[in-house]
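Text of run-v1.csv (CSV, C-alpha atoms) as supplied:
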```
chain,number,residue,atom,x,y,z
A,1,MET,CA,110.6,206.5,228.7
A,2,THR,CA,111.1,204.2,231.7
A,3,ARG,CA,114.4,203.8,233.5
A,4,THR,CA,114.7,200.2,232.3
A,5,LYS,CA,114.2,201.1,228.7
A,6,ILE,CA,116.8,203.9,229.0
A,7,MET,CA,119.3,201.4,230.4
A,8,ALA,CA,118.6,198.9,227.6
A,9,TRP,CA,119.2,201.5,224.9
A,10,ALA,CA,122.3,202.7,226.7
A,11,GLY,CA,123.6,199.1,226.8
A,12,GLY,CA,123.0,198.7,223.1
A,13,ALA,CA,124.9,202.0,222.3
A,14,LEU,CA,127.8,201.0,224.5
A,15,TYR,CA,128.0,197.6,222.8
A,16,LEU,CA,128.3,199.3,219.4
A,17,LEU,CA,130.9,201.7,220.8
A,18,VAL,CA,133.0,198.7,222.1
A,19,VAL,CA,132.8,197.0,218.7
A,20,VAL,CA,134.0,200.1,217.0
A,21,LEU,CA,137.0,200.3,219.5
A,22,LEU,CA,137.8,196.7,218.9
A,23,VAL,CA,137.8,197.0,215.1
A,24,GLY,CA,139.7,200.3,214.9
A,25,GLY,CA,141.5,200.8,218.1
A,26,ALA,CA,143.5,197.5,218.7
A,27,PRO,CA,145.3,196.7,215.5
A,28,ARG,CA,148.0,194.6,217.1
A,29,ALA,CA,145.8,192.4,219.2
A,30,SER,CA,145.3,188.8,218.2
A,31,GLY,CA,142.1,187.5,216.5
A,32,THR,CA,141.3,185.6,219.6
A,33,ALA,CA,141.5,188.7,221.7
A,34,HIS,CA,139.1,190.5,219.3
A,35,GLY,CA,136.6,187.6,219.4
A,36,PHE,CA,136.8,187.3,223.1
A,37,GLY,CA,136.4,191.0,223.6
A,38,ALA,CA,133.3,191.1,221.4
A,39,LEU,CA,131.9,188.1,223.3
A,40,LEU,CA,132.3,189.9,226.6
A,41,ALA,CA,130.9,193.1,225.2
A,42,ALA,CA,127.7,191.3,224.3
A,43,SER,CA,126.8,191.3,228.0
A,44,LEU,CA,125.9,194.9,227.5
A,45,LEU,CA,122.9,193.7,225.4
A,46,VAL,CA,121.2,192.0,228.3
A,47,GLY,CA,118.6,194.8,228.7
A,48,VAL,CA,117.9,194.8,225.0
A,49,VAL,CA,117.5,191.0,224.9
A,50,ARG,CA,114.8,191.1,227.6
A,51,ARG,CA,112.8,193.9,225.9
A,52,MET,CA,113.5,193.5,222.2
A,53,PRO,CA,115.2,190.1,221.6
A,54,LEU,CA,115.1,190.4,217.8
A,55,LEU,CA,116.8,193.8,217.9
A,56,ALA,CA,119.4,192.4,220.3
A,57,LEU,CA,120.1,189.5,217.8
A,58,SER,CA,120.5,192.0,215.0
A,59,LEU,CA,123.0,194.1,217.1
A,60,ALA,CA,124.9,190.9,218.0
A,61,LEU,CA,125.1,189.8,214.4
A,62,PHE,CA,126.3,193.2,213.3
A,63,GLY,CA,128.9,193.5,216.0
A,64,SER,CA,130.3,190.0,215.6
A,65,THR,CA,130.4,190.3,211.8
A,66,ALA,CA,132.1,193.7,212.1
A,67,VAL,CA,134.8,192.2,214.4
A,68,VAL,CA,135.4,189.4,211.9
A,69,LEU,CA,135.5,191.6,208.8
A,70,GLY,CA,137.0,194.8,210.1
A,71,ALA,CA,139.7,194.0,212.5
A,72,PRO,CA,143.1,194.6,210.9
A,73,GLY,CA,145.8,192.0,211.2
A,74,PRO,CA,149.6,192.1,211.2
A,75,ALA,CA,151.1,192.3,207.7
A,76,HIS,CA,153.1,189.1,207.9
A,77,SER,CA,150.8,186.9,209.9
A,78,ASN,CA,149.0,183.8,208.6
A,79,LEU,CA,145.5,184.9,207.7
A,80,SER,CA,143.9,181.6,208.7
A,81,THR,CA,145.4,181.7,212.1
A,82,TRP,CA,144.6,185.4,212.4
A,83,TYR,CA,140.9,184.9,211.7
A,84,GLN,CA,140.5,181.7,213.5
A,85,GLY,CA,139.8,183.4,216.9
A,86,GLN,CA,137.6,186.1,215.5
A,87,PHE,CA,134.7,183.6,215.3
A,88,LEU,CA,134.4,183.4,219.1
A,89,SER,CA,132.3,186.6,218.8
A,90,TYR,CA,129.5,184.5,217.2
A,91,LEU,CA,129.0,182.7,220.5
A,92,ALA,CA,127.2,185.8,221.7
A,93,VAL,CA,124.9,185.5,218.7
A,94,ASP,CA,124.2,181.9,219.6
A,95,LEU,CA,123.3,182.9,223.2
A,96,VAL,CA,120.9,185.5,222.1
A,97,LEU,CA,119.5,183.1,219.5
A,98,GLY,CA,118.9,180.5,222.3
A,99,PHE,CA,117.0,183.1,224.3
A,100,ILE,CA,114.8,183.8,221.3
A,101,VAL,CA,114.1,180.1,220.7
A,102,ALA,CA,113.2,179.6,224.3
A,103,THR,CA,110.9,182.6,224.8
A,104,CYS,CA,109.6,184.0,221.5
A,105,ALA,CA,106.9,182.7,219.1
A,106,ARG,CA,107.9,179.8,216.8
A,107,ARG,CA,107.7,182.0,213.7
A,108,ALA,CA,110.0,184.6,215.1
A,109,SER,CA,112.4,181.9,216.3
A,110,THR,CA,112.5,180.2,212.8
A,111,VAL,CA,113.3,183.6,211.2
A,112,ALA,CA,116.0,184.3,213.7
A,113,VAL,CA,117.6,180.9,213.3
A,114,ALA,CA,117.5,181.1,209.5
A,115,GLY,CA,119.0,184.6,209.5
A,116,SER,CA,121.8,183.7,212.0
A,117,LEU,CA,122.7,180.5,210.1
A,118,ILE,CA,123.0,182.3,206.7
A,119,VAL,CA,125.1,185.1,208.1
A,120,GLN,CA,127.4,182.9,210.0
A,121,LEU,CA,127.9,180.4,207.2
A,122,VAL,CA,128.7,183.2,204.7
A,123,VAL,CA,131.1,185.0,207.0
A,124,ILE,CA,132.9,181.9,208.3
A,125,GLY,CA,133.0,180.4,204.8
A,126,GLY,CA,134.5,183.6,203.4
A,127,PHE,CA,137.2,184.1,206.0
A,128,SER,CA,138.3,180.6,206.6
A,129,HIS,CA,141.1,179.1,204.6
A,130,GLY,CA,142.3,175.6,203.8
A,131,ASN,CA,141.5,172.9,206.3
A,132,ASN,CA,140.2,175.5,208.8
A,133,LEU,CA,137.1,176.1,206.6
A,134,ILE,CA,135.6,172.7,207.5
A,135,VAL,CA,136.6,172.9,211.1
A,136,ASN,CA,135.2,176.4,211.6
A,137,VAL,CA,131.9,175.6,209.8
A,138,VAL,CA,131.4,172.5,211.9
A,139,ILE,CA,132.2,174.3,215.2
A,140,GLY,CA,129.9,177.2,214.2
A,141,LEU,CA,127.0,174.7,213.4
A,142,LEU,CA,127.6,172.7,216.6
A,143,ALA,CA,127.6,175.9,218.7
A,144,MET,CA,124.3,177.1,217.1
A,145,ALA,CA,122.8,173.6,217.4
A,146,ALA,CA,123.7,173.3,221.1
A,147,ALA,CA,122.2,176.8,221.8
A,148,CYS,CA,119.0,175.9,220.0
A,149,THR,CA,118.7,172.5,221.6
A,150,GLY,CA,119.2,173.8,225.1
A,151,ALA,CA,116.6,176.5,224.4
A,152,LEU,CA,114.1,174.0,223.0
A,153,LEU,CA,114.5,171.8,226.1
A,154,SER,CA,114.0,174.9,228.3
A,155,ARG,CA,110.9,175.9,226.3
A,156,GLU,CA,109.4,172.4,226.6
A,157,ARG,CA,110.1,172.3,230.3
A,158,SER,CA,108.4,175.7,230.8
A,159,GLU,CA,105.4,174.7,228.7
A,160,HIS,CA,105.2,171.4,230.6
A,161,ALA,CA,105.3,173.3,233.9
A,162,VAL,CA,102.5,175.7,232.7
A,163,ALA,CA,100.4,172.7,231.6
A,164,LEU,CA,100.9,171.1,235.0
A,165,ARG,CA,99.9,174.3,236.8
A,166,SER,CA,96.8,174.6,234.6
A,167,GLN,CA,95.9,171.0,235.3
A,168,GLU,CA,96.4,171.6,239.1
A,169,VAL,CA,94.2,174.7,238.9
A,170,ALA,CA,91.5,172.8,237.0
A,171,GLU,CA,91.6,169.9,239.5
A,172,ALA,CA,91.4,172.3,242.4
A,173,VAL,CA,88.5,174.1,240.9
A,174,MET,CA,86.7,170.8,240.3
A,175,ALA,CA,87.4,169.6,243.8
A,176,GLU,CA,86.1,172.9,245.2
A,177,ARG,CA,82.9,172.7,243.0
A,178,LEU,CA,82.3,169.1,244.3
A,179,ARG,CA,82.8,170.2,247.9
A,180,ILE,CA,80.4,173.1,247.5
A,181,ALA,CA,77.9,170.8,245.8
A,182,ARG,CA,78.1,168.3,248.6
A,183,GLU,CA,77.8,171.0,251.2
A,184,LEU,CA,74.7,172.6,249.5
A,185,HIS,CA,73.1,169.2,248.9
A,186,ASP,CA,73.6,168.0,252.5
A,187,MET,CA,72.5,171.3,254.0
A,188,VAL,CA,69.5,172.1,251.7
A,189,ALA,CA,68.1,168.6,251.1
A,190,HIS,CA,67.6,167.8,254.7
A,191,SER,CA,65.9,171.1,255.4
A,192,ILE,CA,63.7,171.0,252.3
A,193,GLY,CA,62.6,167.5,253.2
A,194,ILE,CA,61.6,168.5,256.7
A,195,ILE,CA,59.8,171.6,255.3
A,196,ALA,CA,57.9,169.5,252.7
A,197,ILE,CA,56.7,167.0,255.4
A,198,GLN,CA,55.7,169.7,257.8
A,199,ALA,CA,53.9,171.6,255.1
A,200,GLY,CA,52.0,168.5,254.1
A,201,ALA,CA,51.1,167.8,257.7
A,202,ALA,CA,49.9,171.4,258.2
A,203,SER,CA,47.7,171.3,255.2
A,204,GLN,CA,46.1,168.1,256.5
A,205,VAL,CA,45.1,169.5,259.9
A,206,ILE,CA,44.9,173.2,259.3
A,207,ARG,CA,41.1,173.2,259.7
A,208,SER,CA,40.6,170.3,262.2
A,209,ARG,CA,43.6,170.8,264.4
A,210,PRO,CA,44.9,174.4,264.1
A,211,THR,CA,47.2,174.1,267.1
A,212,GLU,CA,49.2,171.2,265.4
A,213,ALA,CA,49.1,173.1,262.1
A,214,GLY,CA,50.6,176.1,263.9
A,215,GLU,CA,53.4,174.0,265.4
A,216,ALA,CA,54.2,172.6,261.9
A,217,LEU,CA,54.3,176.1,260.5
A,218,ARG,CA,56.6,177.3,263.3
A,219,ALA,CA,58.9,174.3,262.5
A,220,ILE,CA,58.9,175.3,258.8
A,221,GLU,CA,59.8,178.9,259.8
A,222,THR,CA,62.7,177.7,262.1
A,223,THR,CA,64.0,175.2,259.5
A,224,SER,CA,63.8,177.9,256.8
A,225,ARG,CA,65.7,180.4,258.9
A,226,GLU,CA,68.5,177.8,259.7
A,227,THR,CA,68.7,176.9,256.0
A,228,LEU,CA,69.0,180.6,254.9
A,229,SER,CA,71.7,181.1,257.6
A,230,GLY,CA,73.6,178.1,256.3
A,231,LEU,CA,73.3,179.4,252.7
A,232,ARG,CA,74.5,182.8,253.8
A,233,ARG,CA,77.5,181.3,255.6
A,234,THR,CA,78.4,179.3,252.5
A,235,LEU,CA,78.1,182.3,250.2
A,236,VAL,CA,80.1,184.5,252.5
A,237,ALA,CA,82.9,181.9,252.7
A,238,LEU,CA,82.9,181.8,248.9
A,239,ARG,CA,83.3,185.6,248.7
A,240,GLN,CA,86.3,185.7,251.1
A,241,ALA,CA,88.7,186.0,248.2
A,242,ASP,CA,87.2,189.5,247.6
A,243,PRO,CA,89.2,191.9,249.8
A,244,GLY,CA,86.4,194.4,249.6
A,245,THR,CA,83.9,191.9,251.1
A,246,ALA,CA,86.2,191.1,254.0
A,247,ALA,CA,86.8,194.8,254.7
A,248,SER,CA,83.1,195.5,254.7
A,249,GLY,CA,82.4,193.0,257.4
A,250,GLY,CA,81.9,189.8,255.6
A,251,GLN,CA,84.1,188.0,258.0
A,252,ALA,CA,81.9,188.9,260.9
A,253,ALA,CA,78.9,187.3,259.3
A,254,LEU,CA,80.7,183.9,259.1
A,255,ALA,CA,79.2,181.5,261.7
A,256,PRO,CA,80.9,178.3,262.9
A,257,SER,CA,80.3,175.3,260.7
A,258,PRO,CA,78.1,172.6,262.3
A,259,GLY,CA,79.6,169.6,263.9
A,260,LEU,CA,78.7,166.6,266.1
A,261,ALA,CA,77.9,169.0,269.0
A,262,ASP,CA,74.8,170.0,266.9
A,263,ILE,CA,73.5,166.4,266.5
A,264,ASP,CA,70.9,166.9,269.3
A,265,ARG,CA,69.5,170.0,267.5
A,266,LEU,CA,69.4,168.0,264.2
A,267,ALA,CA,67.6,165.1,266.0
A,268,ALA,CA,65.0,167.6,267.3
A,269,ALA,CA,64.4,169.0,263.9
A,270,THR,CA,64.0,165.5,262.5
A,271,ALA,CA,61.6,164.6,265.3
A,272,ASP,CA,59.5,167.6,264.2
A,273,ALA,CA,59.3,165.9,260.8
A,274,GLY,CA,57.8,162.8,262.4
A,275,VAL,CA,60.9,160.6,263.0
A,276,HIS,CA,62.1,160.2,266.5
A,277,VAL,CA,65.9,159.9,266.7
A,278,ASP,CA,67.7,158.1,269.5
A,279,VAL,CA,71.2,159.5,269.8
A,280,ARG,CA,73.8,157.4,271.6
A,281,ARG,CA,77.4,158.3,272.2
A,282,SER,CA,80.2,156.1,273.4
A,283,GLY,CA,83.9,156.6,274.0
A,284,GLU,CA,85.6,159.8,275.3
A,285,GLU,CA,83.9,162.9,273.7
A,286,ARG,CA,86.6,165.4,272.7
A,287,PRO,CA,87.2,168.2,270.2
A,288,LEU,CA,87.8,166.9,266.6
A,289,PRO,CA,89.5,168.4,263.6
A,290,ALA,CA,87.1,170.7,261.8
A,291,ASP,CA,87.0,168.7,258.6
A,292,ILE,CA,86.2,165.4,260.4
A,293,ASP,CA,83.7,167.1,262.7
A,294,LEU,CA,81.8,168.7,259.8
A,295,SER,CA,81.9,165.5,257.6
A,296,ALA,CA,80.5,163.4,260.4
A,297,PHE,CA,77.7,165.8,261.0
A,298,ARG,CA,76.9,165.9,257.2
A,299,ILE,CA,76.9,162.2,257.0
A,300,VAL,CA,74.4,161.8,259.8
A,301,GLN,CA,72.3,164.7,258.4
A,302,GLU,CA,72.1,163.0,255.0
A,303,ALA,CA,71.3,159.6,256.5
A,304,LEU,CA,68.5,161.2,258.6
A,305,THR,CA,67.2,162.9,255.5
A,306,ASN,CA,66.9,159.6,253.7
A,307,VAL,CA,65.1,158.1,256.7
A,308,VAL,CA,62.6,160.9,256.7
A,309,ARG,CA,62.0,160.6,252.9
A,310,HIS,CA,62.3,156.9,252.2
A,311,ALA,CA,62.3,154.7,255.2
A,312,GLY,CA,58.6,154.9,256.1
A,313,THR,CA,59.3,154.6,259.8
A,314,GLY,CA,58.9,156.7,262.9
A,315,ARG,CA,62.1,155.8,264.6
A,316,CYS,CA,65.8,155.5,264.0
A,317,ARG,CA,69.1,155.3,266.0
A,318,VAL,CA,72.3,157.3,265.7
A,319,LEU,CA,75.4,155.9,267.4
A,320,ILE,CA,78.6,158.0,267.7
A,321,ASP,CA,81.6,156.2,268.8
A,322,TYR,CA,84.8,158.2,269.8
A,323,GLY,CA,87.5,155.6,269.4
A,324,ASP,CA,91.2,156.0,270.0
A,325,GLU,CA,92.1,155.8,266.4
A,326,GLU,CA,88.9,156.4,264.5
A,327,LEU,CA,85.5,158.1,264.8
A,328,SER,CA,82.5,155.9,263.9
A,329,VAL,CA,79.0,157.2,263.1
A,330,GLU,CA,76.1,154.9,262.4
A,331,VAL,CA,72.5,155.6,261.5
A,332,VAL,CA,70.1,152.6,261.7
A,333,ASP,CA,66.3,152.5,261.0
A,334,ASP,CA,63.8,149.7,260.9
A,335,GLY,CA,61.9,150.9,257.8
A,336,ARG,CA,61.4,149.4,254.4
A,337,GLY,CA,65.1,149.5,253.4
A,338,ALA,CA,66.4,150.1,249.9
A,339,THR,CA,64.0,149.6,247.0
A,340,GLY,CA,64.8,148.5,243.5
A,341,ASN,CA,67.0,151.2,242.0
A,342,SER,CA,66.7,153.8,244.7
A,343,SER,CA,70.5,154.1,244.9
A,344,ALA,CA,70.5,155.3,241.3
A,345,HIS,CA,68.6,158.5,242.2
A,346,GLY,CA,70.0,161.5,244.0
A,347,PHE,CA,73.5,162.4,245.2
A,348,GLY,CA,73.2,161.7,249.0
A,349,LEU,CA,75.2,158.4,249.1
A,350,VAL,CA,77.6,159.7,246.5
A,351,GLY,CA,78.3,162.8,248.6
A,352,MET,CA,78.8,160.6,251.7
A,353,ARG,CA,81.2,158.4,249.9
A,354,GLU,CA,83.2,161.4,248.6
A,355,ARG,CA,83.4,162.9,252.1
A,356,VAL,CA,84.6,159.7,253.6
A,357,ALA,CA,87.1,159.1,250.8
A,358,LEU,CA,88.7,162.5,251.2
A,359,LEU,CA,89.3,161.7,254.8
A,360,TYR,CA,90.7,158.2,254.0
A,361,GLY,CA,87.8,156.5,255.8
A,362,ASP,CA,85.4,153.8,255.0
A,363,LEU,CA,81.6,153.9,254.4
A,364,SER,CA,79.1,151.1,254.2
A,365,ALA,CA,75.4,151.6,253.4
A,366,GLY,CA,72.8,149.0,252.7
A,367,THR,CA,69.7,147.1,253.7
A,368,ARG,CA,69.9,145.1,257.0
A,369,PRO,CA,69.1,141.4,257.0
A,370,GLU,CA,66.5,141.9,259.7
A,371,GLY,CA,65.0,144.8,257.8
A,372,GLY,CA,65.6,148.5,257.6
A,373,PHE,CA,68.7,150.4,256.4
A,374,ARG,CA,72.1,151.0,258.0
A,375,VAL,CA,74.7,153.7,257.2
A,376,THR,CA,78.1,153.3,258.9
A,377,ALA,CA,81.1,155.7,258.4
A,378,ARG,CA,84.5,155.2,260.0
A,379,LEU,CA,86.8,158.2,259.9
A,380,PRO,CA,90.5,157.7,261.0
A,381,LEU,CA,91.6,160.3,263.6
A,382,PRO,CA,95.0,161.9,263.4
A,383,ASP,CA,97.2,162.4,266.5
A,384,LEU,CA,95.3,165.3,268.0
A,385,ALA,CA,98.4,166.7,269.6
A,386,GLY,CA,99.1,169.9,267.7
A,387,VAL,CA,96.1,169.4,265.4
A,388,PRO,CA,93.9,172.5,265.2
A,389,VAL,CA,90.2,172.0,266.0
A,390,GLU,CA,87.4,174.4,265.2
A,391,ALA,CA,86.6,176.8,268.0
A,392,ARG,CA,82.9,176.9,269.0
```
Encoding of this model in structure tokens:
Amino acid sequence: MTRTKIMAWAGGALYLLVVVLLVGGAPRASGTAHGFGALLAASLLVGVVRRMPLLALSLALFGSTAVVLGAPGPAHSNLSTWYQGQFLSYLAVDLVLGFIVATCARRASTVAVAGSLIVQLVVIGGFSHGNNLIVNVVIGLLAMAAACTGALLSRERSEHAVALRSQEVAEAVMAERLRIARELHDMVAHSIGIIAIQAGAASQVIRSRPTEAGEALRAIETTSRETLSGLRRTLVALRQADPGTAASGGQAALAPSPGLADIDRLAAATADAGVHVDVRRSGEERPLPADIDLSAFRIVQEALTNVVRHAGTGRCRVLIDYGDEELSVEVVDDGRGATGNSSAHGFGLVGMRERVALLYGDLSAGTRPEGGFRVTARLPLPDLAGVPVEAR
């Protein structure tokens, strides 16, 4: 038997002992003193209430009723006045009842309310006289109603808080799923596009120009390794909640997330796929917050993937502008532009818009009047004083 359980049972036994002393050991005390004493004694039932609330209610009903029925009064006193104060002891019953209504199942709460109501009405009705009968019954009903109403309000507040927490958890899970989906799409789609193009080129020239075919295969190998490394980094990050993984060295396998410093490497990989990328930078280059740096890189990466897949051109331009208040990235090509319902397929533009929206930025994407396609993202920059940036 645990220490808490022993203390609960001891409190219940002491409560019964105090009730016995009140009933048989203080014959000259007033009814109010008996009722108030029984009310104070009910504090001994706190441990029982927490572990076995229905048993605590039974003990409180028994003790309060015993005080009303068994306490002797003076021989020449007015009985109505004598028993008037005894009913204070039922306030302890109402408090326990409120706890049950607030925390227990509805069926148990209904049984507890019905039992307490019957006992109190019978005892109060039997030991009230004259005009005091109506007064005592009304006071008893109001006290019970107040306890139950307060308990119901507390129960509804707790249930509402639980519902809000569940909704927050569900929204956080959904946001994390969308973030992972965007990250995997932006990382894998670009690499798979390059691999597909290089594999097609290698198959075309493998017999006639083996040197070029070998270069294409080496580009496929390099891109595949980078993609596997990115996938491994993502999976390791997802497993960081597992203490065993972190302890076994999972943290060491975590590589830095890509950023605008990797744009030249991205341009070189895109050039291997047949699209030359002209990268231009303006403004004062400086470290950026990790979320902005990663999002800007992913936006450029997805835009270049679309150029490789859909533009039908061999050139494009990337402009990165480090402004004082915002970062602007722009990818422009002179290809065929958007066709018919091309925006209805894939998740590239959707992912870009989601990334920009999360950073309170602005994204525009569409066909240029002079031909080709333009993607422009503007990301507001916070005051970098005191803003942590990702170490590289």
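The residue that comes closest to Val49 of chain A, out of A:Val96, A:Ala365, A:Leu16, A:Ala112 and on the basis of only C-alpha atoms, is A:Val96.
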Non-local contacts of segment 269-285 of chain A (9 Å; all atoms listed in the file; under 5 positions in same chain excluded) as a CSV table (one decimal) with C-alpha atoms, keeping the file's coordinate frame:
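File produced: selection20.csv:
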```csv
chain,number,residue,atom,x,y,z
A,190,HIS,CA,67.6,167.8,254.7
A,191,SER,CA,65.9,171.1,255.4
A,193,GLY,CA,62.6,167.5,253.2
A,194,ILE,CA,61.6,168.5,256.7
A,195,ILE,CA,59.8,171.6,255.3
A,196,ALA,CA,57.9,169.5,252.7
A,197,ILE,CA,56.7,167.0,255.4
A,198,GLN,CA,55.7,169.7,257.8
A,201,ALA,CA,51.1,167.8,257.7
A,215,GLU,CA,53.4,174.0,265.4
A,216,ALA,CA,54.2,172.6,261.9
A,219,ALA,CA,58.9,174.3,262.5
A,223,THR,CA,64.0,175.2,259.5
A,263,ILE,CA,73.5,166.4,266.5
A,264,ASP,CA,70.9,166.9,269.3
A,304,LEU,CA,68.5,161.2,258.6
A,305,THR,CA,67.2,162.9,255.5
A,307,VAL,CA,65.1,158.1,256.7
A,308,VAL,CA,62.6,160.9,256.7
A,313,THR,CA,59.3,154.6,259.8
A,314,GLY,CA,58.9,156.7,262.9
A,315,ARG,CA,62.1,155.8,264.6
A,316,CYS,CA,65.8,155.5,264.0
A,317,ARG,CA,69.1,155.3,266.0
A,318,VAL,CA,72.3,157.3,265.7
A,319,LEU,CA,75.4,155.9,267.4
A,320,ILE,CA,78.6,158.0,267.7
A,321,ASP,CA,81.6,156.2,268.8
A,322,TYR,CA,84.8,158.2,269.8
A,323,GLY,CA,87.5,155.6,269.4
A,324,ASP,CA,91.2,156.0,270.0
```
### Query
When distances are computed from all atoms listed in the file, which of A:Ala181, A:Leu133, A:Leu95, A:Leu54 shows the smallest separation from Leu40 of chain A?
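The closest residue to Leu40 of chain A is A:Leu95.
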### Task
To one decimal in Å, tell me the separation between atom CA of Val356 of chain A and atom CA of Ile299 of chain A.
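Atom-to-atom, atom CA of Val356 of chain A to atom CA of Ile299 of chain A, that is 8.8 Å.
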#### Entry: One-decimal distance in Å that lies between atom CA of Pro380 of chain A and atom CA of Ser328 of chain A
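Between atom CA of Ser328 of chain A and atom CA of Pro380 of chain A the gap works out to 8.7 Å.
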